[in-house]
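In what follows, a single structure is set out as structure tokens and then discussed.
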Protein chains: 2
Amino acid sequence: MGERPGRIGPAITDVARLAGVSHQTVSRVVNQHPHVREQTRLRVLAAIEELDYHPSGVARALATGRSTVLGVVTQNSTLFGPTSLLFGLEQAAALDFDIAVTTLRSLDGPALTRAVRRYIDQQVAGIVVIAPLVTARDALAELPGRVPIVLVDGSPEAGKALVTADQSAGARLATEHLLSLGHRNVWHVSGPKTWLDSIGRVDGWQAALRDAGVEPPPLIEGDWSPASGYRAGQLLARIPEATAVFAANDHMALGIIRAMHELNRRMPEQLSIVGFDDVPEAEYFTPALTTVRLDFTEIGRQALHLLREQMDTPDPVGTRVIQPALVIRDSAAAPQS
Amino acid sequence: MGERPGRIGPAITDVARLAGVSHQTVSRVVNQHPHVREQTRLRVLAAIEELDYHPSGVARALATGRSTVLGVVTQNSTLFGPTSLLFGLEQAAALDFDIAVTTLRSLDGPALTRAVRRYIDQQVAGIVVIAPLVTARDALAELPGRVPIVLVDGSPEAGKALVTADQSAGARLATEHLLSLGHRNVWHVSGPKTWLDSIGRVDGWQAALRDAGVEPPPLIEGDWSPASGYRAGQLLARIPEATAVFAANDHMALGIIRAMHELNRRMPEQLSIVGFDDVPEAEYFTPALTTVRLDFTEIGRQALHLLREQMDTPDPVGTRVIQPALVIRDSAAAPQS
DNA sequence: TGATAGGGTGTGAGCGATCACAAGCATTAA
DNA sequence: TTAATGCTTGTGATCGCTCACACCCTATCA
């Protein structure tokens with residue numbers, strides 16, 4: 001044990017020797033090639049068992065020029081969206097790939113390019129970039145090599161395969177729900193405008209309003225944090241005509257709710273609110289939050305699918321759009337008047 | 001471009017040829033060995049630049065028998081704790097290692113052993129197991145090979161290096177805070193008893209109570225979810241003598257708060273509550289939640305440190321315990337009577 | 001009965017790096 | 001002047017696997 005440096009356990013040649021066959025035959029058995037006599041196969045299998053042989057992923061990667069590792073680039077954040085996305089991806093890939101994660105502090109061009117390059121150097125089987133920021137747009141244009149790559153939550157202009165949620169449709173769902181309840185107008189507390197998600201949600205909100213023939217009220221910009229929602233809430237509570245708000249995520253909605261409680265404004269009677277994300281705890285806000293849900297597992301599945309397509313055939317650059325769904329709870333109701 | 005299968009970009013020999021030196025000299029330059037003439041070094045560097053050469057991590061791993069990848073095994077969960085832990089680890093490792101993540105559906109023995117083995121086969125530089133479940137205890141005993149491994153949030157009996165939060169101390173902090181406010185007794189809504197975290201927190205809670213000379217009331221067991229907190233809250237609201245609760249995490253605390261609102265019990269006047277985790281939104285609960293905070297970044301840093309120690313010297317099996325801190329907000333106050 | 005097909009197996013050469021060793025050369029000490 | 005020292009560089013083997021190819025053997029067909 002341990003005469004060879006670094007390596008633990010037996011190599012393919014050890015198995016071959018024990019089974020009395022060539023290393024190539026062992027390789028065939030391991031890789032389930034046809035054309036191996038059953039009897040030989042069993043002998044090899046027995047040897048593998050006896051030695052407790054496990055093929056070296058590293059050596060295989062070197063020989064084939066392709067590993068079973070998927071590189072995921074995401075950004076420095078414990079936000080619900082990116083976290084869930086990562087989780088969904090992992091679930092989808094579980095059996096076939098290992099997932100390597102790089103978390104960037106900021107998604108600016110150079111950092112992103114560097115992270116992607118690094119994965120390419122390591123000859124990963126594919127790369128997933130979770131790039132909800134506008135700044136990520138350009139960085140991916142000049143990517144070297146022919147590595148399968150998929151953007152999640154990014155912008156379609158990059159010319160790469162893309163899986164994205166229909167943010168705009170989600171916002172429209174929220175806004176129209178509020179409108180259908182009888183509200184004259186719907187206010188919006190958005191995320192930072194550097195996020196594509198924010199932009200999409202603002203668009204959907206405005207479009208729904210315009211379609212209904214009402215002029216969008218001034219936009220209140222938040223930063224996804226409950227604190228920014230709280231600040232927005234303090235504003236909204238002082239605007240009598242604001243009877244309905246669509247918050248770009250649940251945590252900002254929580255901040256708004258908090259502000260309303262403090263200022264003794266009743267919800268949903270005096271202010272109706274709809275969130276976005278459906279975080280697990282949203283159901284237990286007071287009032288229980290009506291919100292828009294995204295199926296992150298499905299997004300992960302689609303991303304993987306797109307990756308696989310690129311592994312098989314060289315060129316296809318598809319786009320998948322996931323549709324969000326409205327989850328109706330108690331925080332939105334008809335206006336009181 | 002792309003005559004060789006799988007490989008993108010130039011290899012070390014290409015650089016050597018262009019620079020007019022041997023591949024070994026290029027290797028020396030790349031690895032910053034001393035004893036390379038400055039002039040040669042510059043020539044090699046220029047060639048590297050010109051070809052845009054990046055060394056292959058895979059090939060290096062094969063040759064050295066050690067990669068720069070750290071394997072992390074965690075469990076199927078988007079819970080705040082495990083997620084933050086992973087994040088903290090990543091931050092700590094960012095520059096020196098790549099992080100590969102395996103998320104298990106359940107942390108039972110076989111699954112865990114398999115995941116760890118898989119990393120060993122891939123010759124990772126080290127393994128981190130985030131194992132807050134009791135079931136993980138035994139699985140790690142019979143681990144093959146000499147791979148640096150660290151348990152996070154696991155049980156000390158495994159005989160491996162361990163980084164853990166002092167759950168018990170955290171629970172004690174919460175309980176004593178409530179007691180010091182003047183409450184006669186403190187109730188507890190725990191996590192599932194399969195979690196070591198739960199067990200530790202229950203222990204700390206009981207110990208603090210006994211030290212104060214009071215008999216612990218019956219334990220209410222939850223499952224970390226807001227829903228289970230809500231159910232516990234409906235119970236607690238009907239028990240007049242229950243004036244103070246310690247919830248084993250913030251999300252269950254949220255469920256309790258929700259139940260109190262519904263049953264028109266005022267907080268903190270009629271019921272004081274302390275949570276655990278300090279999730280980002282806890283500050284914006286109504287009332288703002290007093291809770292116990294864990295420094296996950298520090299945990300990640302310590303885990304990495306322990307890993308590094310094992311890489312250098314073969315045997316050390318240290319244990320690091322992280323101390324939690326109490327974050328005082330509005331949800332706990334003196335009892336009203 | 002001989003040519004053909006194709007199942008089953010082995011041989012040797014890479015993949016792209018590192019490592020151990022040897023050798024050339026200049027500098028220094030004897 | 002010669003031997004010894006040590007910086008600088010190169011050679012070849014090696015890590016564990018896959019790939020391309022060649023080979024043998026046994027059916028099948030003409």
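Within each chain, counting starts at residue 1; across the structure tokens, chains are named A, B, ... in the order shown, with ligands numbered 1 upward in that order.
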Which residues of chain D come within 9 Å of chain B, and for each one, what is the closest pair of atoms and their distance in Å to one decimal, counting only C-alpha atoms (C1' of nucleotides), sorted by chain and residue number, as JSON lines?
```
{"residue": "D:DC7", "atom": "C1'", "partner": "B:His35", "partner_atom": "CA", "distance": 6.2}
{"residue": "D:DT8", "atom": "C1'", "partner": "B:Val36", "partner_atom": "CA", "distance": 6.3}
{"residue": "D:DT9", "atom": "C1'", "partner": "B:Thr25", "partner_atom": "CA", "distance": 7.2}
{"residue": "D:DG10", "atom": "C1'", "partner": "B:Ser22", "partner_atom": "CA", "distance": 6.3}
{"residue": "D:DT14", "atom": "C1'", "partner": "B:Ala63", "partner_atom": "CA", "distance": 7.9}
{"residue": "D:DC15", "atom": "C1'", "partner": "B:Ala63", "partner_atom": "CA", "distance": 4.8}
{"residue": "D:DG16", "atom": "C1'", "partner": "B:Leu62", "partner_atom": "CA", "distance": 7.7}
```
Saved selection, atoms kept: N, CA and C atoms (P, O5', C5', C4', C3', O3' and C1' of nucleotides), as a PDB file, in the first residue's frame:
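Result file again-v5.pdb:
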```pdb
ATOM      1  P    DC D   7      23.034  26.226  -6.451  1.00  0.00           P
ATOM      2  O5'  DC D   7      22.544  27.003  -7.752  1.00  0.00           O
ATOM      3  C5'  DC D   7      23.286  28.130  -8.202  1.00  0.00           C
ATOM      4  C4'  DC D   7      23.465  28.041  -9.706  1.00  0.00           C
ATOM      5  C3'  DC D   7      22.147  28.081 -10.502  1.00  0.00           C
ATOM      6  O3'  DC D   7      22.280  29.055 -11.522  1.00  0.00           O
ATOM      7  C1'  DC D   7      23.491  26.276 -11.228  1.00  0.00           C
ATOM      8  P    DT D   8      20.972  29.570 -12.318  1.00  0.00           P
ATOM      9  O5'  DT D   8      20.815  28.498 -13.461  1.00  0.00           O
ATOM     10  C5'  DT D   8      21.633  28.612 -14.625  1.00  0.00           C
ATOM     11  C4'  DT D   8      21.440  27.406 -15.523  1.00  0.00           C
ATOM     12  C3'  DT D   8      20.003  27.203 -16.021  1.00  0.00           C
ATOM     13  O3'  DT D   8      19.972  27.614 -17.379  1.00  0.00           O
ATOM     14  C1'  DT D   8      21.141  25.152 -15.547  1.00  0.00           C
ATOM     15  P    DT D   9      18.624  27.515 -18.211  1.00  0.00           P
ATOM     16  O5'  DT D   9      18.650  26.013 -18.698  1.00  0.00           O
ATOM     17  C5'  DT D   9      19.552  25.630 -19.731  1.00  0.00           C
ATOM     18  C4'  DT D   9      19.512  24.125 -19.918  1.00  0.00           C
ATOM     19  C3'  DT D   9      18.174  23.566 -20.391  1.00  0.00           C
ATOM     20  O3'  DT D   9      18.258  23.364 -21.799  1.00  0.00           O
ATOM     21  C1'  DT D   9      19.289  22.141 -18.818  1.00  0.00           C
ATOM     22  P    DG D  10      17.034  22.731 -22.614  1.00  0.00           P
ATOM     23  O5'  DG D  10      17.387  21.183 -22.527  1.00  0.00           O
ATOM     24  C5'  DG D  10      18.665  20.748 -22.969  1.00  0.00           C
ATOM     25  C4'  DG D  10      18.780  19.238 -22.804  1.00  0.00           C
ATOM     26  C3'  DG D  10      17.624  18.454 -23.422  1.00  0.00           C
ATOM     27  O3'  DG D  10      18.156  17.366 -24.174  1.00  0.00           O
ATOM     28  C1'  DG D  10      17.875  17.858 -21.143  1.00  0.00           C
ATOM     29  P    DT D  14       9.435   2.965 -16.436  1.00  0.00           P
ATOM     30  O5'  DT D  14       8.269   3.909 -15.890  1.00  0.00           O
ATOM     31  C5'  DT D  14       8.500   4.745 -14.770  1.00  0.00           C
ATOM     32  C4'  DT D  14       7.294   5.626 -14.555  1.00  0.00           C
ATOM     33  C3'  DT D  14       5.957   4.906 -14.736  1.00  0.00           C
ATOM     34  O3'  DT D  14       5.317   4.824 -13.476  1.00  0.00           O
ATOM     35  C1'  DT D  14       5.958   7.064 -15.740  1.00  0.00           C
ATOM     36  P    DC D  15       4.084   3.791 -13.274  1.00  0.00           P
ATOM     37  O5'  DC D  15       2.880   4.773 -12.961  1.00  0.00           O
ATOM     38  C5'  DC D  15       2.974   5.831 -12.020  1.00  0.00           C
ATOM     39  C4'  DC D  15       1.839   6.813 -12.243  1.00  0.00           C
ATOM     40  C3'  DC D  15       0.557   6.136 -12.704  1.00  0.00           C
ATOM     41  O3'  DC D  15      -0.272   5.928 -11.572  1.00  0.00           O
ATOM     42  C1'  DC D  15       1.069   8.111 -13.998  1.00  0.00           C
ATOM     43  P    DG D  16      -0.896   4.436 -11.356  1.00  0.00           P
ATOM     44  O5'  DG D  16      -2.134   4.393 -12.353  1.00  0.00           O
ATOM     45  C5'  DG D  16      -3.190   5.297 -12.161  1.00  0.00           C
ATOM     46  C4'  DG D  16      -4.074   5.284 -13.382  1.00  0.00           C
ATOM     47  C3'  DG D  16      -4.581   3.891 -13.779  1.00  0.00           C
ATOM     48  O3'  DG D  16      -5.978   3.979 -13.956  1.00  0.00           O
ATOM     49  C1'  DG D  16      -3.638   4.988 -15.626  1.00  0.00           C
TER      50       DG D  16
END
```
Legend entry - Those of segment 9-168 of chain A in DSSP strand (DSSP E), formatted as a PyMOL selection string: chain A and resi 69-75+98-104+126-130+149-152+161-165
Inset, instruction - Show which residues sit within 10 Å of Ala247 of chain B, as a list in words. Count only C-alpha atoms (C1' of nucleotides), and ignore same-chain residues fewer than 5 positions away. - result: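 That gives Ala171, Ala174, Trp187, His188, Val189, Ser190, Gly191, Arg201, Ile220, Glu221, Gly222, Trp224, Gly229, Ala232, Met252, Ala253, Leu254, Gly255, Ile256, Ile273, Val274, Gly275, Phe276 and Thr291 of chain B.
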Residues from last step as file, C-alpha atoms, as a PDB file, in the first residue's frame:
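For reference, out-v1.pdb as written:
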```pdb
ATOM      1  CA  ALA B 171     -29.091  26.969  22.750  1.00  0.00           C
ATOM      2  CA  ALA B 174     -30.965  31.628  23.783  1.00  0.00           C
ATOM      3  CA  TRP B 187     -40.278  25.952  25.903  1.00  0.00           C
ATOM      4  CA  HIS B 188     -38.447  24.493  22.961  1.00  0.00           C
ATOM      5  CA  VAL B 189     -39.442  23.586  19.429  1.00  0.00           C
ATOM      6  CA  SER B 190     -36.664  21.357  18.169  1.00  0.00           C
ATOM      7  CA  GLY B 191     -35.543  20.032  14.796  1.00  0.00           C
ATOM      8  CA  ARG B 201     -29.618  22.379  20.844  1.00  0.00           C
ATOM      9  CA  ILE B 220     -42.147  19.917  20.891  1.00  0.00           C
ATOM     10  CA  GLU B 221     -40.450  18.337  17.905  1.00  0.00           C
ATOM     11  CA  GLY B 222     -40.558  20.015  14.524  1.00  0.00           C
ATOM     12  CA  TRP B 224     -37.186  22.710  10.501  1.00  0.00           C
ATOM     13  CA  GLY B 229     -43.391  25.739  13.569  1.00  0.00           C
ATOM     14  CA  ALA B 232     -46.168  24.105  17.364  1.00  0.00           C
ATOM     15  CA  MET B 252     -39.895  27.428  12.568  1.00  0.00           C
ATOM     16  CA  ALA B 253     -39.906  30.623  14.569  1.00  0.00           C
ATOM     17  CA  LEU B 254     -41.637  32.261  11.633  1.00  0.00           C
ATOM     18  CA  GLY B 255     -44.305  29.576  11.695  1.00  0.00           C
ATOM     19  CA  ILE B 256     -44.841  30.165  15.397  1.00  0.00           C
ATOM     20  CA  ILE B 273     -39.388  33.919  21.057  1.00  0.00           C
ATOM     21  CA  VAL B 274     -35.777  33.329  20.133  1.00  0.00           C
ATOM     22  CA  GLY B 275     -34.721  31.623  16.909  1.00  0.00           C
ATOM     23  CA  PHE B 276     -31.535  30.098  15.552  1.00  0.00           C
ATOM     24  CA  THR B 291     -31.802  34.746  17.245  1.00  0.00           C
TER      25      THR B 291
END
```
With the cut-off set at 7 Å and counting only C-alpha atoms, tabulate each residue of chain A with an atom at most that distance from an atom of chain B, showing the nearest atom pair and its distance in Å to one decimal, ordered by chain and increasing number, as JSON lines.
```
{"residue": "A:Pro5", "atom": "CA", "partner": "B:Gly65", "partner_atom": "CA", "distance": 6.7}
{"residue": "A:Gly6", "atom": "CA", "partner": "B:Gly65", "partner_atom": "CA", "distance": 4.3}
{"residue": "A:Arg7", "atom": "CA", "partner": "B:Gly65", "partner_atom": "CA", "distance": 5.7}
{"residue": "A:Ile8", "atom": "CA", "partner": "B:Gly145", "partner_atom": "CA", "distance": 6.2}
{"residue": "A:His54", "atom": "CA", "partner": "B:Asp121", "partner_atom": "CA", "distance": 6.3}
{"residue": "A:Pro55", "atom": "CA", "partner": "B:Asp121", "partner_atom": "CA", "distance": 6.9}
{"residue": "A:Ser56", "atom": "CA", "partner": "B:Asp121", "partner_atom": "CA", "distance": 5.5}
{"residue": "A:Gly57", "atom": "CA", "partner": "B:Gln122", "partner_atom": "CA", "distance": 5.0}
{"residue": "A:Val58", "atom": "CA", "partner": "B:Gln122", "partner_atom": "CA", "distance": 5.9}
{"residue": "A:Ala59", "atom": "CA", "partner": "B:Leu62", "partner_atom": "CA", "distance": 6.0}
{"residue": "A:Ala61", "atom": "CA", "partner": "B:Val58", "partner_atom": "CA", "distance": 6.8}
{"residue": "A:Leu62", "atom": "CA", "partner": "B:Val58", "partner_atom": "CA", "distance": 5.9}
{"residue": "A:Thr64", "atom": "CA", "partner": "B:Gly6", "partner_atom": "CA", "distance": 6.7}
{"residue": "A:Gly65", "atom": "CA", "partner": "B:Gly6", "partner_atom": "CA", "distance": 4.4}
{"residue": "A:Arg66", "atom": "CA", "partner": "B:Gly6", "partner_atom": "CA", "distance": 6.3}
{"residue": "A:Asp98", "atom": "CA", "partner": "B:Ala100", "partner_atom": "CA", "distance": 6.9}
{"residue": "A:Ile99", "atom": "CA", "partner": "B:Ala100", "partner_atom": "CA", "distance": 5.5}
{"residue": "A:Ala100", "atom": "CA", "partner": "B:Ala100", "partner_atom": "CA", "distance": 4.0}
{"residue": "A:Val101", "atom": "CA", "partner": "B:Ile99", "partner_atom": "CA", "distance": 5.7}
{"residue": "A:Asp121", "atom": "CA", "partner": "B:Ser56", "partner_atom": "CA", "distance": 5.6}
{"residue": "A:Gln122", "atom": "CA", "partner": "B:Gly57", "partner_atom": "CA", "distance": 5.1}
{"residue": "A:Gly145", "atom": "CA", "partner": "B:Ile8", "partner_atom": "CA", "distance": 6.0}
{"residue": "A:Pro226", "atom": "CA", "partner": "B:Glu281", "partner_atom": "CA", "distance": 6.0}
{"residue": "A:His251", "atom": "CA", "partner": "B:Glu281", "partner_atom": "CA", "distance": 6.6}
{"residue": "A:Leu254", "atom": "CA", "partner": "B:Tyr284", "partner_atom": "CA", "distance": 6.6}
{"residue": "A:Gly255", "atom": "CA", "partner": "B:Tyr284", "partner_atom": "CA", "distance": 5.7}
{"residue": "A:Arg258", "atom": "CA", "partner": "B:Thr286", "partner_atom": "CA", "distance": 6.0}
{"residue": "A:Glu281", "atom": "CA", "partner": "B:Pro226", "partner_atom": "CA", "distance": 6.0}
{"residue": "A:Tyr284", "atom": "CA", "partner": "B:Gly255", "partner_atom": "CA", "distance": 5.7}
{"residue": "A:Phe285", "atom": "CA", "partner": "B:Arg258", "partner_atom": "CA", "distance": 6.6}
{"residue": "A:Thr286", "atom": "CA", "partner": "B:Arg258", "partner_atom": "CA", "distance": 6.0}
```
Would you tabulate, counting only C-alpha atoms (C1' of nucleotides), all residues of chain C that have an atom at most 8 Å from an atom of chain B, showing the closest pair of atoms and their distance in Å to one decimal, sorted by chain then ascending number, as a tab-separated table?
```
residue	atom	partner	partner_atom	distance
C:DC15	C1'	B:Ala59	CA	7.9
C:DG16	C1'	B:Ala59	CA	5.0
C:DA17	C1'	B:Arg60	CA	4.7
C:DT18	C1'	B:Ala63	CA	5.4
```
Inset, instruction - Between atom CA of Ala131 of chain B and atom CA of Asp96 of chain A, measure the distance and give it in Å to one decimal. - result: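 Computing it gives 23.2 Å between the two atoms.
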Inset, instruction - Please identify which residues in segment 142-238 of chain A DSSP calls helix (DSSP H, G or I) from the backbone, and express them as a ChimeraX atom specification. - result: /A:156-158,167-180,196-211,226-236
Legend entry - Gap from atom C1' of DG6 of chain D to atom C1' of DA29 of chain C - Å, one decimal: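 Atom-to-atom, atom C1' of DG6 of chain D and atom C1' of DA29 of chain C are spaced 13.1 Å apart.
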Inset, instruction - Would you mind listing what lies within 12 Å of Arg238 of chain A as a VMD selection string, with only C-alpha atoms (C1' of nucleotides) counted and same-chain residues fewer than 2 positions away left out? - result: chain A and resid 231 to 236 240 to 243 259 to 260 263 to 265 270 to 271
Which residues are near DG2 of chain C? Cut-off 12 Å, only C-alpha atoms (C1' of nucleotides), ignore same chain within fewer than 2 positions. Put them as a tab-separated table (two decimals) with C-alpha atoms (C1' of nucleotides), in the first residue's frame.
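Output file part-v9.tsv follows:
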```tsv
chain	number	residue	atom	x	y	z
C	4	DT	C1'	-15.24	-13.98	-46.12
D	29	DC	C1'	-21.49	-18.96	-47.49
D	30	DA	C1'	-20.41	-20.05	-52.26
```
